[in-house]
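Asker: Handing over coords-v4.txt, compact mmCIF, C-alpha atoms.
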# COMPACT_ATOMS: atom_id res chain seq x y z
CA MET A 1 90.62 -32.26 -25.36
CA VAL A 2 92.42 -33.15 -22.11
CA GLN A 3 89.95 -33.85 -19.35
CA ASN A 4 90.27 -34.18 -15.60
CA PRO A 5 89.34 -37.81 -14.78
CA ASN A 6 88.20 -36.74 -11.29
CA ILE A 7 85.30 -34.66 -12.61
CA LEU A 8 82.02 -36.12 -11.33
CA PRO A 9 79.39 -37.43 -13.76
CA LEU A 10 76.75 -34.82 -14.51
CA LYS A 11 74.00 -36.30 -12.33
CA LYS A 12 76.34 -36.59 -9.34
CA ALA A 13 77.76 -33.12 -9.91
CA ILE A 14 74.37 -31.41 -9.77
CA LYS A 15 73.69 -33.02 -6.38
CA VAL A 16 76.77 -31.17 -5.11
CA VAL A 17 76.19 -27.90 -6.94
CA ARG A 18 72.45 -27.27 -6.65
CA PRO A 19 72.36 -27.08 -2.81
CA LEU A 20 74.89 -24.20 -3.06
CA GLU A 21 72.19 -22.17 -4.87
CA PHE A 22 74.24 -20.26 -7.43
CA PRO A 23 71.89 -17.84 -9.23
CA THR A 24 74.05 -17.53 -12.38
CA LYS A 25 76.84 -19.13 -14.35
CA THR A 26 79.08 -16.15 -13.48
CA SER A 27 78.60 -16.57 -9.71
CA TYR A 28 79.38 -20.27 -9.99
CA GLN A 29 82.57 -19.72 -12.00
CA LYS A 30 83.73 -17.00 -9.60
CA TRP A 31 83.24 -19.45 -6.72
CA TRP A 32 85.06 -22.12 -8.73
CA GLU A 33 88.07 -19.81 -9.29
CA GLU A 34 88.28 -19.11 -5.57
CA ASN A 35 87.95 -22.74 -4.44
CA ARG A 36 89.08 -24.81 -7.46
CA PRO A 37 87.18 -28.01 -6.50
CA GLY A 38 88.92 -30.96 -8.15
CA ASN A 39 85.72 -32.90 -8.84
CA LEU A 40 83.68 -30.11 -10.47
CA ALA A 41 84.01 -28.55 -13.91
CA LYS A 42 84.50 -24.83 -14.43
CA ASP A 43 82.99 -24.96 -17.92
CA VAL A 44 80.26 -27.57 -17.88
CA TRP A 45 79.51 -27.13 -21.58
CA LYS A 46 83.02 -28.21 -22.57
CA VAL A 47 83.06 -31.13 -20.15
CA TYR A 48 79.55 -32.55 -20.51
CA ALA A 49 78.58 -31.56 -24.07
CA LEU A 50 81.75 -31.19 -26.21
CA SER A 51 84.10 -33.81 -24.76
CA ARG A 52 84.07 -37.54 -25.38
CA ARG A 53 81.94 -37.98 -22.25
CA LYS A 54 78.95 -36.48 -24.11
CA GLU A 55 76.62 -36.65 -21.11
CA TRP A 56 74.52 -33.77 -22.43
CA THR A 57 72.86 -34.18 -25.83
CA GLY A 58 71.21 -30.76 -26.11
CA ASN A 59 72.44 -27.96 -28.35
CA ASN A 60 71.96 -25.02 -26.01
CA ALA A 61 74.65 -24.13 -23.46
CA GLY A 62 72.20 -21.95 -21.51
CA GLU A 63 69.88 -24.90 -20.95
CA LEU A 64 72.75 -27.05 -19.68
CA TRP A 65 73.84 -24.35 -17.23
CA SER A 66 70.24 -23.95 -16.07
CA TYR A 67 69.97 -27.70 -15.48
CA TYR A 68 73.36 -27.82 -13.76
CA LEU A 69 72.61 -24.95 -11.36
CA GLY A 70 68.96 -25.86 -10.82
CA THR A 71 67.44 -22.58 -12.01
CA GLU A 72 63.85 -22.43 -13.27
CA ILE A 73 64.37 -22.73 -17.02
CA ILE A 74 63.13 -26.08 -18.34
CA SER A 75 65.59 -27.54 -20.80
CA ASN A 76 64.54 -29.42 -23.91
CA GLN A 77 66.34 -32.47 -22.54
CA GLU A 78 64.28 -32.33 -19.34
CA LYS A 79 61.06 -31.81 -21.30
CA ASN A 80 61.59 -35.14 -23.00
CA LYS A 81 61.70 -37.10 -19.74
CA GLY A 82 57.98 -37.80 -19.72
CA TRP A 83 56.62 -36.00 -16.67
CA LEU A 84 53.70 -37.07 -14.52
CA SER A 85 50.39 -35.48 -15.48
CA TYR A 86 49.50 -32.23 -13.71
CA LYS A 87 47.09 -34.04 -11.36
CA GLU A 88 49.63 -36.79 -10.57
CA ALA A 89 52.42 -34.27 -9.96
CA SER A 90 50.18 -32.19 -7.69
CA LEU A 91 49.25 -35.27 -5.64
CA ALA A 92 52.93 -36.34 -5.43
CA CYS A 93 53.92 -32.92 -4.05
CA ILE A 94 51.07 -32.91 -1.52
CA LYS A 95 52.06 -36.39 -0.30
CA ALA A 96 55.68 -35.22 -0.04
CA GLY A 97 54.55 -32.42 2.28
CA ILE A 98 55.69 -29.51 0.09
CA LYS A 99 53.80 -26.47 1.39
CA SER A 100 55.08 -23.48 -0.58
CA LYS A 101 56.76 -22.37 -3.80
CA ASN A 102 59.93 -21.50 -1.87
CA GLU A 103 60.08 -25.02 -0.44
CA PHE A 104 59.39 -26.48 -3.90
CA ASP A 105 62.21 -24.40 -5.46
CA ARG A 106 64.58 -25.43 -2.68
CA ARG A 107 63.88 -29.10 -3.31
CA ALA A 108 64.22 -28.58 -7.05
CA ARG A 109 67.69 -27.13 -6.52
CA ASN A 110 68.58 -29.99 -4.18
CA HIS A 111 67.32 -32.53 -6.69
CA THR A 112 64.87 -33.99 -4.14
CA LEU A 113 61.51 -33.45 -5.83
CA PRO A 114 59.22 -36.49 -6.12
CA LYS A 115 60.08 -38.61 -9.15
CA GLY A 116 58.38 -37.38 -12.31
CA VAL A 117 57.73 -33.82 -11.09
CA PRO A 118 59.28 -31.08 -13.27
CA THR A 119 61.41 -28.35 -11.70
CA ALA A 120 59.15 -25.64 -13.18
CA PRO A 121 55.59 -27.03 -13.23
CA ASP A 122 54.07 -23.65 -14.10
CA ARG A 123 55.84 -23.90 -17.47
CA ALA A 124 55.72 -27.66 -17.94
CA TYR A 125 51.93 -27.74 -17.38
CA LYS A 126 51.06 -24.54 -19.20
CA ASP A 127 47.85 -25.37 -21.12
CA LYS A 128 48.05 -28.87 -19.56
CA GLY A 129 46.33 -28.27 -16.23
CA TRP A 130 48.13 -25.32 -14.62
CA PRO A 131 45.40 -22.97 -13.22
CA LYS A 132 44.49 -20.18 -15.60
CA GLY A 133 43.33 -16.76 -14.51
CA SER A 134 45.03 -17.11 -11.11
CA ASN A 135 47.90 -15.05 -9.79
CA GLU A 136 51.16 -16.87 -9.11
CA THR A 137 50.49 -17.36 -5.39
CA SER A 138 47.01 -18.85 -5.76
CA ALA A 139 48.07 -21.07 -8.71
CA TRP A 140 50.89 -22.55 -6.63
CA GLY A 141 48.48 -22.94 -3.73
CA ILE A 142 46.13 -24.98 -5.90
CA PHE A 143 49.02 -27.10 -7.19
CA LEU A 144 50.39 -27.78 -3.69
CA GLY A 145 46.96 -28.19 -2.07
CA THR A 146 47.37 -25.43 0.52
CA GLY A 147 43.73 -24.61 1.23
CA SER A 148 44.26 -21.19 2.78
CA ILE A 149 45.63 -19.93 -0.51
CA GLN A 150 42.89 -21.58 -2.52
CA ARG A 151 40.09 -20.04 -0.48
CA GLY A 152 38.08 -17.60 -2.53
CA LYS A 153 39.60 -18.87 -5.79
CA ILE A 154 37.46 -22.02 -6.13
CA GLU A 155 33.74 -22.37 -6.65
CA TYR A 156 32.82 -24.91 -3.98
CA TRP A 157 29.94 -27.35 -4.32
CA SER A 158 26.73 -26.64 -2.46
CA PHE A 159 26.66 -27.82 1.15
CA VAL A 160 24.19 -30.64 0.40
CA LYS A 161 26.18 -31.93 -2.59
CA ALA A 162 29.51 -31.73 -0.74
CA ARG A 163 28.13 -33.46 2.38
CA ARG A 164 26.59 -36.24 0.31
CA PHE A 165 29.98 -36.91 -1.32
CA VAL A 166 31.87 -36.71 1.99
CA ARG A 167 29.56 -39.20 3.69
CA LYS A 168 30.33 -41.72 0.94
CA ILE A 169 34.11 -41.35 1.30
CA ALA A 170 33.77 -41.35 5.10
CA ILE A 171 32.43 -44.90 4.86
CA LYS A 172 35.04 -45.94 2.31
CA TYR A 173 38.02 -44.58 4.31
CA ASN A 174 36.49 -45.02 7.80
CA LEU A 175 36.58 -41.31 8.69
CA ARG A 176 35.12 -40.99 12.19
CA ASN A 177 36.42 -37.82 13.83
CA ASP A 178 38.23 -34.51 13.42
CA ALA A 179 41.69 -36.12 13.32
CA ASP A 180 40.59 -38.53 10.56
CA TRP A 181 39.14 -35.63 8.55
CA ARG A 182 42.28 -33.45 8.88
CA THR A 183 44.50 -36.35 7.79
CA PHE A 184 42.27 -37.11 4.81
CA THR A 185 42.25 -33.48 3.60
CA LYS A 186 46.05 -33.72 3.26
CA SER A 187 45.93 -36.94 1.25
CA GLY A 188 45.13 -35.29 -2.07
CA LYS A 189 42.02 -37.49 -2.50
CA LEU A 190 39.49 -34.78 -1.67
CA PRO A 191 38.08 -32.92 -4.72
CA LYS A 192 39.16 -29.28 -4.78
CA GLU A 193 35.48 -28.28 -4.95
CA ILE A 194 35.03 -29.43 -1.32
CA PRO A 195 36.45 -27.07 1.32
CA ARG A 196 39.01 -28.42 3.79
CA ASN A 197 37.38 -26.28 6.48
CA PRO A 198 33.64 -26.74 5.72
CA GLN A 199 32.43 -25.08 8.92
CA ARG A 200 34.23 -21.86 8.03
CA GLU A 201 33.13 -21.99 4.39
CA TYR A 202 29.43 -22.82 4.85
CA GLY A 203 28.67 -21.34 8.29
CA LYS A 204 25.59 -21.98 10.45
CA PRO A 205 23.19 -22.88 9.01
CA PRO A 206 23.57 -25.19 7.04
CA TRP A 207 26.60 -26.47 9.02
CA VAL A 208 25.55 -28.72 11.93
CA SER A 209 28.58 -30.63 13.19
CA LEU A 210 31.49 -32.77 12.03
CA LYS A 211 29.51 -35.90 12.95
CA ASP A 212 26.72 -34.77 10.68
CA TRP A 213 29.24 -33.85 7.93
CA LEU A 214 30.80 -37.34 8.05
CA GLY A 215 27.45 -39.11 8.43
CA ARG A 216 28.29 -40.28 11.93
CA GLY A 217 25.25 -38.75 13.63
CA VAL A 218 22.17 -40.37 15.19
CA GLU A 219 20.51 -41.04 11.85
CA SER A 220 23.61 -42.81 10.52
CA ASN A 221 23.90 -45.00 13.63
CA LYS A 222 20.21 -45.94 13.37
CA LYS A 223 20.67 -46.99 9.74
CA LYS A 224 23.77 -48.99 10.63
CA SER A 225 21.92 -50.81 13.42
CA GLU A 226 19.42 -52.10 10.89
CA SER A 227 22.18 -54.18 9.29
CA PHE A 228 23.27 -55.87 12.54
CA LEU A 229 22.72 -59.59 12.98
CA GLY A 230 20.07 -60.60 15.49
CA PRO A 231 21.11 -61.98 18.90
CA GLU A 232 20.73 -65.66 17.90
CA GLU A 233 23.05 -65.41 14.87
CA GLY A 234 25.21 -62.76 16.45
CA VAL A 235 26.06 -64.79 19.56
CA ILE A 236 27.41 -67.60 17.36
CA VAL A 237 29.73 -65.14 15.58
CA ILE A 238 30.86 -63.59 18.89
CA ARG A 239 31.71 -67.02 20.32
CA LYS A 240 33.86 -67.73 17.27
CA LEU A 241 35.62 -64.38 17.67
CA ALA A 242 36.16 -65.01 21.39
CA LYS A 243 37.78 -68.36 20.66
CA GLU A 244 39.92 -66.97 17.81
CA TYR A 245 41.14 -63.89 19.74
CA GLY A 246 41.31 -65.46 23.21
CA ILE A 247 38.56 -63.39 24.83
CA ASN A 248 37.51 -65.13 28.03
CA GLY A 249 36.82 -64.70 31.73
CA THR A 250 33.76 -64.20 33.87
CA LYS A 251 30.75 -62.24 32.60
CA GLN A 252 32.20 -58.96 33.88
CA GLY A 253 35.71 -59.84 32.72
CA PHE A 254 34.49 -60.92 29.31
CA GLN A 255 32.60 -57.64 28.85
CA LYS A 256 35.72 -55.63 29.66
CA GLU A 257 37.86 -57.64 27.22
CA TRP A 258 35.16 -57.38 24.57
CA GLN A 259 35.02 -53.58 24.86
CA LYS A 260 38.78 -53.42 24.30
CA PHE A 261 38.52 -55.84 21.36
CA ALA A 262 35.64 -53.90 19.77
CA LYS A 263 37.58 -50.65 19.97
CA GLU A 264 40.61 -52.18 18.21
CA HIS A 265 38.61 -54.16 15.61
CA HIS A 266 35.86 -51.75 14.61
CA ALA A 267 36.23 -52.47 10.86
CA LEU A 268 36.05 -56.24 11.42
CA LEU A 269 32.84 -55.98 13.47
CA ALA A 270 31.27 -53.71 10.85
CA LYS A 271 32.13 -56.26 8.17
CA LEU A 272 30.57 -59.08 10.23
CA HIS A 273 27.50 -56.93 11.10
CA ILE A 274 28.14 -57.25 14.83
CA PRO A 275 27.45 -54.25 17.11
CA SER A 276 30.35 -53.05 19.25
CA ASP A 277 27.97 -53.00 22.24
CA PRO A 278 25.80 -56.09 21.62
CA LEU A 279 24.21 -56.13 25.10
CA THR A 280 22.71 -52.68 24.58
CA VAL A 281 21.59 -53.26 20.97
CA TRP A 282 20.12 -56.71 21.49
CA SER A 283 18.43 -55.92 24.82
CA LYS A 284 16.49 -53.19 23.00
CA GLU A 285 15.59 -55.65 20.27
CA ARG A 286 14.22 -58.14 22.84
CA ALA A 287 12.21 -55.39 24.58
CA ILE A 288 10.57 -54.39 21.28
CA LYS A 289 9.80 -58.04 20.56
CA ARG A 290 8.09 -58.46 23.95
CA LEU A 291 5.98 -55.34 23.41
CA SER A 292 4.86 -56.51 19.97
CA GLU A 293 3.94 -59.95 21.38
CA LYS A 294 1.69 -58.38 24.07
CA LYS A 295 -0.27 -56.64 21.37
Can I see the file as structure tokens?
Answerer:
Amino acid sequence: MVQNPNILPLKKAIKVVRPLEFPTKTSYQKWWEENRPGNLAKDVWKVYALSRRKEWTGNNAGELWSYYLGTEIISNQEKNKGWLSYKEASLACIKAGIKSKNEFDRRARNHTLPKGVPTAPDRAYKDKGWPKGSNETSAWGIFLGTGSIQRGKIEYWSFVKARRFVRKIAIKYNLRNDADWRTFTKSGKLPKEIPRNPQREYGKPPWVSLKDWLGRGVESNKKKSESFLGPEEGVIVIRKLAKEYGINGTKQGFQKEWQKFAKEHHALLAKLHIPSDPLTVWSKERAIKRLSEKK
């Protein structure tokens, strides 16, 4: 069989063809007749499966055409690639910022899906994690982590159970405000049983505030203060930090530099058990000591 040496290898050819979004073999071949591209095959089965190139090892021409054009049929050859698990694929798509089925299909055709994600996950993960009993829209919403679609389709944890879990991860990932929370909900690390918009889901009561939800309220700060070093030990640590980071100046100047340092190195101070505002914390401690001594 005589073969055009300019024909692209199969993997390179699909990167050219898929973005053109041909729905069928017929539409592609009609386009090919009109344009006669020198680097693309008119009959991919003859070129990639029957010729000496033998880049396609399957036995079904329909599957090859589906793979070549980027349509939704999963070929046996693709099935044998060893996909990510459903959970891993879902997380990969969320991290890649894929928000809808249309966007997913577009990236599948363009061959730009995250590595290890199948072009038709609803078929690849059937009985392997794909949501059952959901309509197509809500199932894709669960897979892509778009909370608005999931709402009403998931049985969320009770407010107390969800808040207890969130407070633990808030410490682990240093979630302190609304921006931190919004970013974390897009990370794929939040269990689906916890709502991305807890205020809307739980209402008042029991909802109090985001600070309360993250464990950053008054009670949390009081508990944290119990782990701070006392002024005698703490001053030694602060002097070492001042020397290491070049914090100096007069009393007023030092305080200003320290405030800036504390804001930028919150995690370090927490690790060393040093309050970000030592003058306030330790002055209270001394006052309590004096009162107890008078008794």
Asker: Can you work out which one of A:Val166, A:Ala41, A:Ala108, A:Ala179 has the shortest atom-to-atom distance to A:Ala120, counting all atoms listed in the file?
Answerer: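 Using all atoms listed in the file, the shortest distance to A:Ala120 belongs to A:Ala108.
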Asker: At what distance in Å, to one decimal, does atom CA of A:Phe143 lie from atom CA of A:Pro131?
Answerer: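 Interatomic distance here is 8.2 Å.
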Asker: Quick one: everything within 12 Å of A:Thr26, counting all atoms listed in the file, minus sequence neighbours fewer than 5 positions away in the same chain. Send it as a list in words.
Answerer: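 In the requested format, the answer is Trp31, Trp32, Glu33, Lys42, Asp43, Trp65 and Leu69 of chain A.
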Asker: Point out the residue among A:Arg53, A:Lys30, A:Arg123, A:Lys189 with the least atom-to-atom distance to A:Ile7, counting only C-alpha atoms.
Answerer: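 Using only C-alpha atoms, A:Ile7 sits closest to A:Arg53.
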Asker: Rounded to one decimal place, report the atom CA of A:Phe159-atom CA of A:Trp130 distance in Å.
Answerer: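 Between atom CA of A:Phe159 and atom CA of A:Trp130 the gap works out to 26.8 Å.
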Asker: What is the distance between atom CA of A:Pro198 and atom CA of A:Ala96, in Å to one decimal?
Answerer: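 Atom-to-atom, atom CA of A:Pro198 to atom CA of A:Ala96, that is 24.3 Å.
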Asker: Within 10 Å of stretch 213-215 of chain A, counting all atoms listed in the file, which residues qualify if same-chain residues fewer than 5 places away don't, as a list in words?
Answerer: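 Using all atoms listed in the file, the neighbours found are Phe159, Val160, Ala162, Arg163, Arg164, Phe165, Val166, Arg167, Lys168, Ile169, Ala170, Ile171, Asn174, Leu175, Arg176, Asn177, Asp178, Trp181, Pro198, Gln199, Trp207, Val208, Ser220 and Asn221 of chain A.
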Asker: Between A:Pro9, A:Gly62, A:Gly70, A:Gly145, which residue has the minimum interatomic distance to A:Arg109, considering only C-alpha atoms?
Answerer: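 Among A:Pro9, A:Gly62, A:Gly70, A:Gly145, it is A:Gly70 that comes nearest to A:Arg109.
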Asker: What's the 12 Å shell around A:Lys243, counting all atoms listed in the file, without same-chain residues fewer than 6 positions away, as an mmCIF file with C-alpha atoms, in the frame of the given file?
Answerer:
data_model
loop_
_atom_site.group_PDB
_atom_site.id
_atom_site.type_symbol
_atom_site.label_atom_id
_atom_site.label_comp_id
_atom_site.auth_asym_id
_atom_site.auth_seq_id
_atom_site.Cartn_x
_atom_site.Cartn_y
_atom_site.Cartn_z
ATOM 1 C CA ILE A 236 27.410 -67.600 17.360
ATOM 2 C CA VAL A 237 29.730 -65.140 15.580
ATOM 3 C CA GLY A 249 36.820 -64.700 31.730
ATOM 4 C CA PHE A 254 34.490 -60.920 29.310
ATOM 5 C CA TRP A 258 35.160 -57.380 24.570
#
Asker: Write out as a list of chain:residue names each polymer residue whose atoms come within 10 Å of A:Leu84, counting only C-alpha atoms; drop sequence neighbours fewer than 6 positions from it.
Answerer: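 Counting only C-alpha atoms, the residues come to A:Ser90, A:Ala92, A:Lys115, A:Gly116, A:Val117, A:Pro118, A:Tyr125.
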Asker: Please save C-alpha atoms of the selected residues as a PDB file, keeping the file's coordinate frame.
Answerer:
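This went into again.pdb:
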ATOM      1  CA  SER A  90      50.180 -32.190  -7.690  1.00  0.00           C
ATOM      2  CA  ALA A  92      52.930 -36.340  -5.430  1.00  0.00           C
ATOM      3  CA  LYS A 115      60.080 -38.610  -9.150  1.00  0.00           C
ATOM      4  CA  GLY A 116      58.380 -37.380 -12.310  1.00  0.00           C
ATOM      5  CA  VAL A 117      57.730 -33.820 -11.090  1.00  0.00           C
ATOM      6  CA  PRO A 118      59.280 -31.080 -13.270  1.00  0.00           C
ATOM      7  CA  TYR A 125      51.930 -27.740 -17.380  1.00  0.00           C
TER       8      TYR A 125
END
Asker: List as a PyMOL selection string the protein and nucleic acid residues near stretch 273-277 of chain A, meaning an atom at most 6 Å away when all atoms listed in the file are counted, but skip any in the same chain fewer than 4 places from it.
Answerer: chain A and resi 228-229+262+269
Asker: Which is closer to A:Arg106 than all the others in A:Ile194, A:Val44, A:Leu50, A:Leu20, using only C-alpha atoms?
Answerer: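 Counting only C-alpha atoms, the residue closest to A:Arg106 is A:Leu20.
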Asker: What residues have an atom no more than 10 Å from (91.7, -35.0, -9.9) in the file's own frame, counting only C-alpha atoms, and can you write them as a PyMOL selection string?
Answerer: chain A and resi 3-8+37-40
